[in-house]
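Asks: File target26.cif follows (mmCIF, C-alpha atoms):
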data_run
#
loop_
_atom_site.label_atom_id
_atom_site.label_comp_id
_atom_site.auth_asym_id
_atom_site.auth_seq_id
_atom_site.Cartn_x
_atom_site.Cartn_y
_atom_site.Cartn_z
CA MET A 58 112.60 116.87 100.95
CA GLY A 59 111.11 119.62 98.81
CA THR A 60 110.08 121.44 101.96
CA GLY A 61 108.99 124.61 100.16
CA THR A 62 108.20 127.36 102.63
CA GLY A 63 108.28 124.91 105.53
CA ARG A 64 104.66 124.78 106.67
CA LEU A 65 104.45 120.99 106.82
CA ALA A 66 107.93 120.69 108.33
CA GLU A 67 106.89 123.08 111.09
CA PHE A 68 103.88 120.87 111.81
CA VAL A 69 106.07 117.75 111.90
CA ALA A 70 108.51 119.48 114.26
CA GLY A 71 105.59 119.87 116.64
CA LEU A 72 104.89 116.14 116.39
CA VAL A 73 108.45 115.01 117.16
CA GLY A 74 108.74 117.41 120.07
CA PRO A 75 111.88 118.76 121.74
CA ASP A 76 113.64 115.38 121.69
CA GLY A 77 113.32 115.07 117.92
CA ARG A 78 114.76 117.01 115.03
CA VAL A 79 113.41 117.96 111.60
CA ILE A 80 115.52 119.16 108.66
CA GLY A 81 113.85 120.51 105.54
CA ILE A 82 115.65 120.90 102.21
CA ASP A 83 114.54 122.47 98.95
CA PRO A 84 116.48 123.42 95.79
CA LEU A 85 114.95 126.90 95.64
CA ALA A 86 116.81 129.38 97.82
CA GLY A 87 113.89 131.80 97.90
CA ARG A 88 111.65 129.21 99.51
CA ILE A 89 114.29 128.28 102.07
CA GLU A 90 114.66 131.96 102.97
CA ILE A 91 110.97 132.03 103.85
CA ALA A 92 111.11 128.65 105.59
CA ARG A 93 113.90 129.83 107.88
CA LEU A 94 111.46 132.24 109.49
CA ARG A 95 109.96 129.11 111.05
CA GLN A 96 113.24 127.70 112.40
CA GLY A 97 113.48 126.64 116.01
CA ASP A 98 115.49 124.44 118.34
CA ASN A 99 114.34 121.25 116.59
CA LEU A 100 113.70 122.61 113.09
CA GLN A 101 116.28 123.72 110.52
CA PHE A 102 116.20 124.38 106.77
CA ALA A 103 118.81 124.38 104.00
CA THR A 104 118.97 124.49 100.23
CA GLY A 105 119.56 121.05 98.76
CA ARG A 106 118.42 118.38 96.33
CA ALA A 107 117.27 114.83 96.96
CA GLU A 108 119.86 113.54 94.49
CA GLU A 109 122.79 114.95 96.48
CA LEU A 110 122.79 114.41 100.24
CA SER A 111 126.54 114.33 100.90
CA ARG A 112 126.16 116.82 103.75
CA PHE A 113 124.37 114.10 105.74
CA ASP A 114 125.97 111.07 107.37
CA ASP A 115 125.11 107.47 106.61
CA ALA A 116 122.23 106.13 108.71
CA GLN A 117 121.38 109.55 110.13
CA PHE A 118 117.58 109.71 109.82
CA ASP A 119 114.64 107.74 111.21
CA ALA A 120 112.27 108.89 108.46
CA ILE A 121 112.25 110.85 105.21
CA TYR A 122 109.16 112.15 103.45
CA LEU A 123 108.39 113.91 100.17
CA ASN A 124 105.03 115.65 99.91
CA SER A 125 103.96 116.03 96.24
CA VAL A 126 107.64 116.31 95.32
CA PHE A 127 108.84 112.96 93.96
CA HIS A 128 107.51 113.58 90.42
CA TRP A 129 109.73 116.69 90.10
CA ILE A 130 112.93 114.71 90.75
CA SER A 131 114.57 113.95 87.41
CA ASP A 132 117.02 111.28 88.64
CA LYS A 133 114.81 109.17 90.88
CA ASP A 134 117.29 106.29 91.03
CA ARG A 135 120.04 108.51 92.39
CA ALA A 136 117.67 110.13 94.87
CA LEU A 137 116.51 106.78 96.21
CA ARG A 138 120.09 105.58 96.59
CA GLU A 139 120.91 108.68 98.61
CA ILE A 140 117.74 108.37 100.68
CA ARG A 141 118.54 104.76 101.52
CA ARG A 142 122.10 105.70 102.50
CA VAL A 143 121.09 108.38 105.01
CA LEU A 144 118.27 106.33 106.56
CA LYS A 145 118.94 104.22 109.62
CA PRO A 146 118.34 100.44 109.30
CA GLY A 147 114.58 100.07 109.28
CA GLY A 148 114.18 103.80 108.66
CA ARG A 149 110.98 104.78 106.89
CA LEU A 150 110.33 106.48 103.56
CA GLY A 151 106.99 108.04 102.75
CA LEU A 152 105.80 110.04 99.78
CA ASN A 153 102.77 110.99 97.76
CA VAL A 154 102.42 111.56 94.04
CA GLN A 155 99.78 111.89 91.40
CA ASP A 156 98.90 108.60 89.73
CA PRO A 157 98.70 108.95 85.92
CA SER A 158 96.01 106.24 85.88
CA ARG A 159 93.73 108.48 87.99
CA PRO A 160 93.97 112.14 86.84
CA HIS A 161 92.49 114.93 88.94
CA GLN A 162 88.95 115.93 87.99
CA SER A 163 90.23 119.38 87.03
CA ARG A 164 92.71 117.82 84.60
CA LEU A 165 89.96 115.84 82.89
CA LEU A 166 87.99 119.06 82.50
CA LEU A 167 91.07 120.77 81.09
CA ARG A 168 91.50 118.03 78.50
CA ARG A 169 87.85 118.43 77.55
CA ALA A 170 88.33 122.20 77.28
CA ILE A 171 91.27 121.72 74.90
CA ILE A 172 89.14 119.46 72.71
CA GLU A 173 86.12 121.77 72.72
CA ALA A 174 88.37 124.71 71.89
CA GLY A 175 89.42 122.79 68.77
CA LEU A 176 93.06 122.65 69.84
CA ALA A 177 93.55 118.98 70.63
CA GLY A 178 95.64 117.53 67.81
CA ASP A 179 98.93 116.34 69.28
CA ARG A 180 98.68 118.73 72.22
CA GLN A 181 95.70 117.34 74.09
CA ASP A 182 98.01 116.13 76.84
CA SER A 183 100.54 118.94 76.57
CA ASN A 184 100.52 119.17 80.35
CA PRO A 185 100.87 115.46 81.18
CA VAL A 186 100.39 113.97 84.63
CA LEU A 187 103.79 113.92 86.33
CA GLY A 188 103.59 111.05 88.73
CA SER A 189 103.96 107.31 89.22
CA THR A 190 101.63 104.34 89.23
CA ASP A 191 101.49 101.82 92.05
CA GLU A 192 103.53 99.30 90.05
CA GLU A 193 106.17 101.87 89.11
CA LEU A 194 106.65 102.91 92.73
CA LYS A 195 106.72 99.34 93.96
CA SER A 196 109.41 98.44 91.41
CA LEU A 197 111.52 101.53 92.19
CA PHE A 198 111.38 100.95 95.93
CA ALA A 199 112.32 97.28 95.62
CA ALA A 200 115.19 98.03 93.22
CA HIS A 201 116.78 100.34 95.80
CA GLY A 202 116.57 98.17 98.88
CA PHE A 203 113.25 99.18 100.40
CA ALA A 204 110.93 96.59 101.90
CA GLY A 205 107.39 96.44 103.27
CA TYR A 206 106.01 98.51 100.40
CA ARG A 207 102.39 99.58 100.69
CA SER A 208 100.38 102.27 98.98
CA GLU A 209 96.87 103.59 98.69
CA LEU A 210 95.08 106.04 96.42
CA ARG A 211 93.24 108.72 98.38
CA ALA A 212 90.58 111.08 97.05
CA LEU A 213 90.74 114.68 98.27
CA ILE A 214 88.06 117.32 97.82
CA ASP A 215 89.04 120.89 96.90
CA ILE A 216 86.54 123.74 96.96
CA HIS A 217 87.29 126.86 94.91
CA ASP A 218 85.37 130.11 94.84
CA ASP A 219 85.54 130.44 91.07
CA ALA A 220 87.27 129.19 87.94
CA ALA A 221 89.91 131.92 88.20
CA SER A 222 91.14 130.65 91.57
CA LEU A 223 91.21 127.09 90.25
CA LEU A 224 93.25 128.19 87.23
CA GLN A 225 95.64 130.10 89.50
CA TRP A 226 96.10 127.00 91.65
CA SER A 227 96.69 124.84 88.54
CA GLU A 228 99.25 127.26 87.14
CA ALA A 229 101.12 127.48 90.45
CA SER A 230 101.16 123.68 90.80
CA ALA A 231 102.63 123.30 87.30
CA PHE A 232 105.63 125.56 88.05
CA GLY A 233 105.36 127.48 84.78
CA ASN A 234 104.52 124.45 82.62
CA PHE A 235 100.78 125.03 82.47
CA LEU A 236 99.54 124.86 78.84
CA GLU A 237 103.08 125.66 77.70
CA ALA A 238 102.53 124.14 74.24
CA PHE A 239 99.92 126.76 73.34
CA THR A 240 100.20 130.34 72.13
CA PRO A 241 98.92 133.14 74.37
CA HIS A 242 95.77 133.42 72.23
CA GLU A 243 95.17 129.66 72.42
CA ARG A 244 95.74 129.62 76.19
CA ASP A 245 93.15 132.34 76.59
CA LEU A 246 90.66 130.32 74.56
CA VAL A 247 91.33 127.19 76.62
CA ARG A 248 90.98 129.15 79.87
CA ARG A 249 87.60 130.56 78.84
CA THR A 250 86.33 127.14 77.77
CA PHE A 251 87.70 125.58 80.96
CA ALA A 252 85.98 128.23 83.09
CA ARG A 253 82.64 127.42 81.47
CA LEU A 254 83.06 123.68 82.07
CA VAL A 255 84.18 124.20 85.66
CA GLU A 256 81.17 126.38 86.44
CA GLU A 257 78.96 123.38 85.63
CA GLN A 258 80.46 121.73 88.73
CA ARG A 259 79.29 124.49 91.08
CA THR A 260 77.57 123.48 94.32
CA PRO A 261 76.18 125.67 97.12
CA GLU A 262 79.62 125.39 98.81
CA GLY A 263 81.52 126.46 95.69
CA LEU A 264 83.31 124.63 92.88
CA LYS A 265 83.82 121.17 94.36
CA LEU A 266 86.37 119.01 92.54
CA GLU A 267 88.10 115.76 93.42
CA ARG A 268 91.83 115.17 93.09
CA TYR A 269 93.73 111.99 93.79
CA LEU A 270 97.08 111.26 95.40
CA ARG A 271 98.84 107.95 95.81
CA PHE A 272 100.53 107.61 99.20
CA ALA A 273 103.38 105.09 99.34
CA PHE A 274 105.43 103.83 102.27
CA ALA A 275 108.35 101.45 102.82
CA HIS A 276 111.35 100.95 105.10
CA LYS A 277 115.07 100.47 104.57
CA ALA A 278 115.72 96.76 104.30
CA PRO A 279 118.84 95.16 105.81
CA SER A 280 121.79 95.09 103.40
CA HIS A 281 121.60 91.34 102.87
CA GLN A 282 118.07 91.58 101.38
#
Take the structure from the file and write it as structure tokens.
Replies:
Amino acid sequence: MGTGTGRLAEFVAGLVGPDGRVIGIDPLAGRIEIARLRQGDNLQFATGRAEELSRFDDAQFDAIYLNSVFHWISDKDRALREIRRVLKPGGRLGLNVQDPSRPHQSRLLLRRAIIEAGLAGDRQDSNPVLGSTDEELKSLFAAHGFAGYRSELRALIDIHDDAASLLQWSEASAFGNFLEAFTPHERDLVRRTFARLVEEQRTPEGLKLERYLRFAFAHKAPSHQ
């Protein structure tokens, strides 16, 4: 779900082999158009949303995964109901999200840049962490009939050539919401301050920054649970 241009789905299709099947859905038709260039005998793509899976039969899938997608789903309860419906008994759900209790290092630097630029006020967290804590995920999963919940927070290292590439990555990841509460002049000031702070993190390999993702897993519990 939220397959984007299909790179990860293509990798998973290689894992399941010719006897398996992978279907990737995404609400953006432009991404699906690109993803379909990767289609094969065991890999198909279609436009679709996690909240509306009526095209799929009950108990159709062995596993469903969402890679850095769950936080973009507005109606998480409806999505989880649909996911449970289309999973086979014991079928697995896996996802990863940002955890608001552990912001990426780049986000902490961005907050500091906003403060140093003198623009904090009520807008210091104008680009809030969209994600879920361990307790929030555990509660959501349990409420929708998933059992065996487990999760772990993993630290990932990103290396960027310069502050400009890091800013470009941040803007792309925010889907147009990056520093949206600021005027163009203010955004430019924050970017310049952010670039200076980021450069202080430079190592011989480049700008090395940590980011954190919470990975959560569960399976569809029997109806009587």
Asks: Would you list the contacts of A:Gly77 as a ChimeraX atom specification, taking every protein, DNA or RNA residue within 12 Å and counting only C-alpha atoms, but skipping same-chain residues closer than 2 positions in sequence?
Replies: /A:69-75,79-80,97-101,118-120
Asks: Run the PyMOL selection byres ((chain A and resi 161-169) around 10) on the file and write out the hits as a ChimeraX atom specification.
Replies: /A:155-160,170-177,180-186,212-214,223-224,227,236,247-248,250-255,265-270
Asks: Using only C-alpha atoms, find the one residue out of A:Leu144, A:Leu187, A:Asp132, A:Arg244 that sits nearest to A:Phe113.
Replies: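 Once distances to A:Phe113 are computed over only C-alpha atoms, the minimum belongs to A:Leu144.
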Asks: Quote the spacing between atom CA of A:Leu152 and atom CA of A:Arg93 in Å to one decimal place.
Replies: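 Separation of atom CA of A:Leu152 and atom CA of A:Arg93: 22.9 Å.
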Asks: Go ahead and compute the interatomic distance for atom CA of A:Gln225 and atom CA of A:Gly63, in Å to one decimal.
Replies: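 About the pair atom CA of A:Gln225 and atom CA of A:Gly63: they are 21.1 Å apart.
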Asks: Please fill the gaps in stretch 101-115 of chain A so it has N, CA and C atoms, and write that as a short mmCIF file (atom, residue, chain, number, x, y, z; two decimals), in the coordinates of the input.
Replies:
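Output below, filename result_33.cif:
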data_model
loop_
_atom_site.label_atom_id
_atom_site.label_comp_id
_atom_site.auth_asym_id
_atom_site.auth_seq_id
_atom_site.Cartn_x
_atom_site.Cartn_y
_atom_site.Cartn_z
N GLN A 101 115.34 122.95 111.33
CA GLN A 101 116.28 123.72 110.52
C GLN A 101 115.99 123.49 109.03
N PHE A 102 116.42 124.46 108.21
CA PHE A 102 116.20 124.38 106.77
C PHE A 102 117.50 124.69 106.04
N ALA A 103 117.63 124.12 104.83
CA ALA A 103 118.81 124.38 104.00
C ALA A 103 118.46 124.11 102.55
N THR A 104 119.15 124.79 101.64
CA THR A 104 118.97 124.49 100.23
C THR A 104 119.63 123.13 99.95
N GLY A 105 119.01 122.37 99.09
CA GLY A 105 119.56 121.05 98.76
C GLY A 105 118.63 120.27 97.86
N ARG A 106 119.17 119.24 97.25
CA ARG A 106 118.42 118.38 96.33
C ARG A 106 118.44 116.95 96.83
N ALA A 107 117.37 116.23 96.52
CA ALA A 107 117.27 114.83 96.96
C ALA A 107 118.35 113.96 96.35
N GLU A 108 118.85 114.34 95.17
CA GLU A 108 119.86 113.54 94.49
C GLU A 108 121.26 113.70 95.08
N GLU A 109 121.45 114.67 95.96
CA GLU A 109 122.79 114.95 96.48
C GLU A 109 122.70 115.28 97.96
N LEU A 110 122.95 114.27 98.78
CA LEU A 110 122.79 114.41 100.24
C LEU A 110 124.11 114.22 100.97
N SER A 111 125.22 114.58 100.32
CA SER A 111 126.54 114.33 100.90
C SER A 111 126.77 115.05 102.22
N ARG A 112 126.00 116.09 102.48
CA ARG A 112 126.16 116.82 103.75
C ARG A 112 125.69 115.98 104.93
N PHE A 113 124.92 114.92 104.66
CA PHE A 113 124.37 114.10 105.74
C PHE A 113 125.13 112.78 105.86
N ASP A 114 125.26 112.31 107.09
CA ASP A 114 125.97 111.07 107.37
C ASP A 114 125.13 109.86 106.97
N ASP A 115 125.81 108.74 106.81
CA ASP A 115 125.11 107.47 106.61
C ASP A 115 124.25 107.19 107.85
#
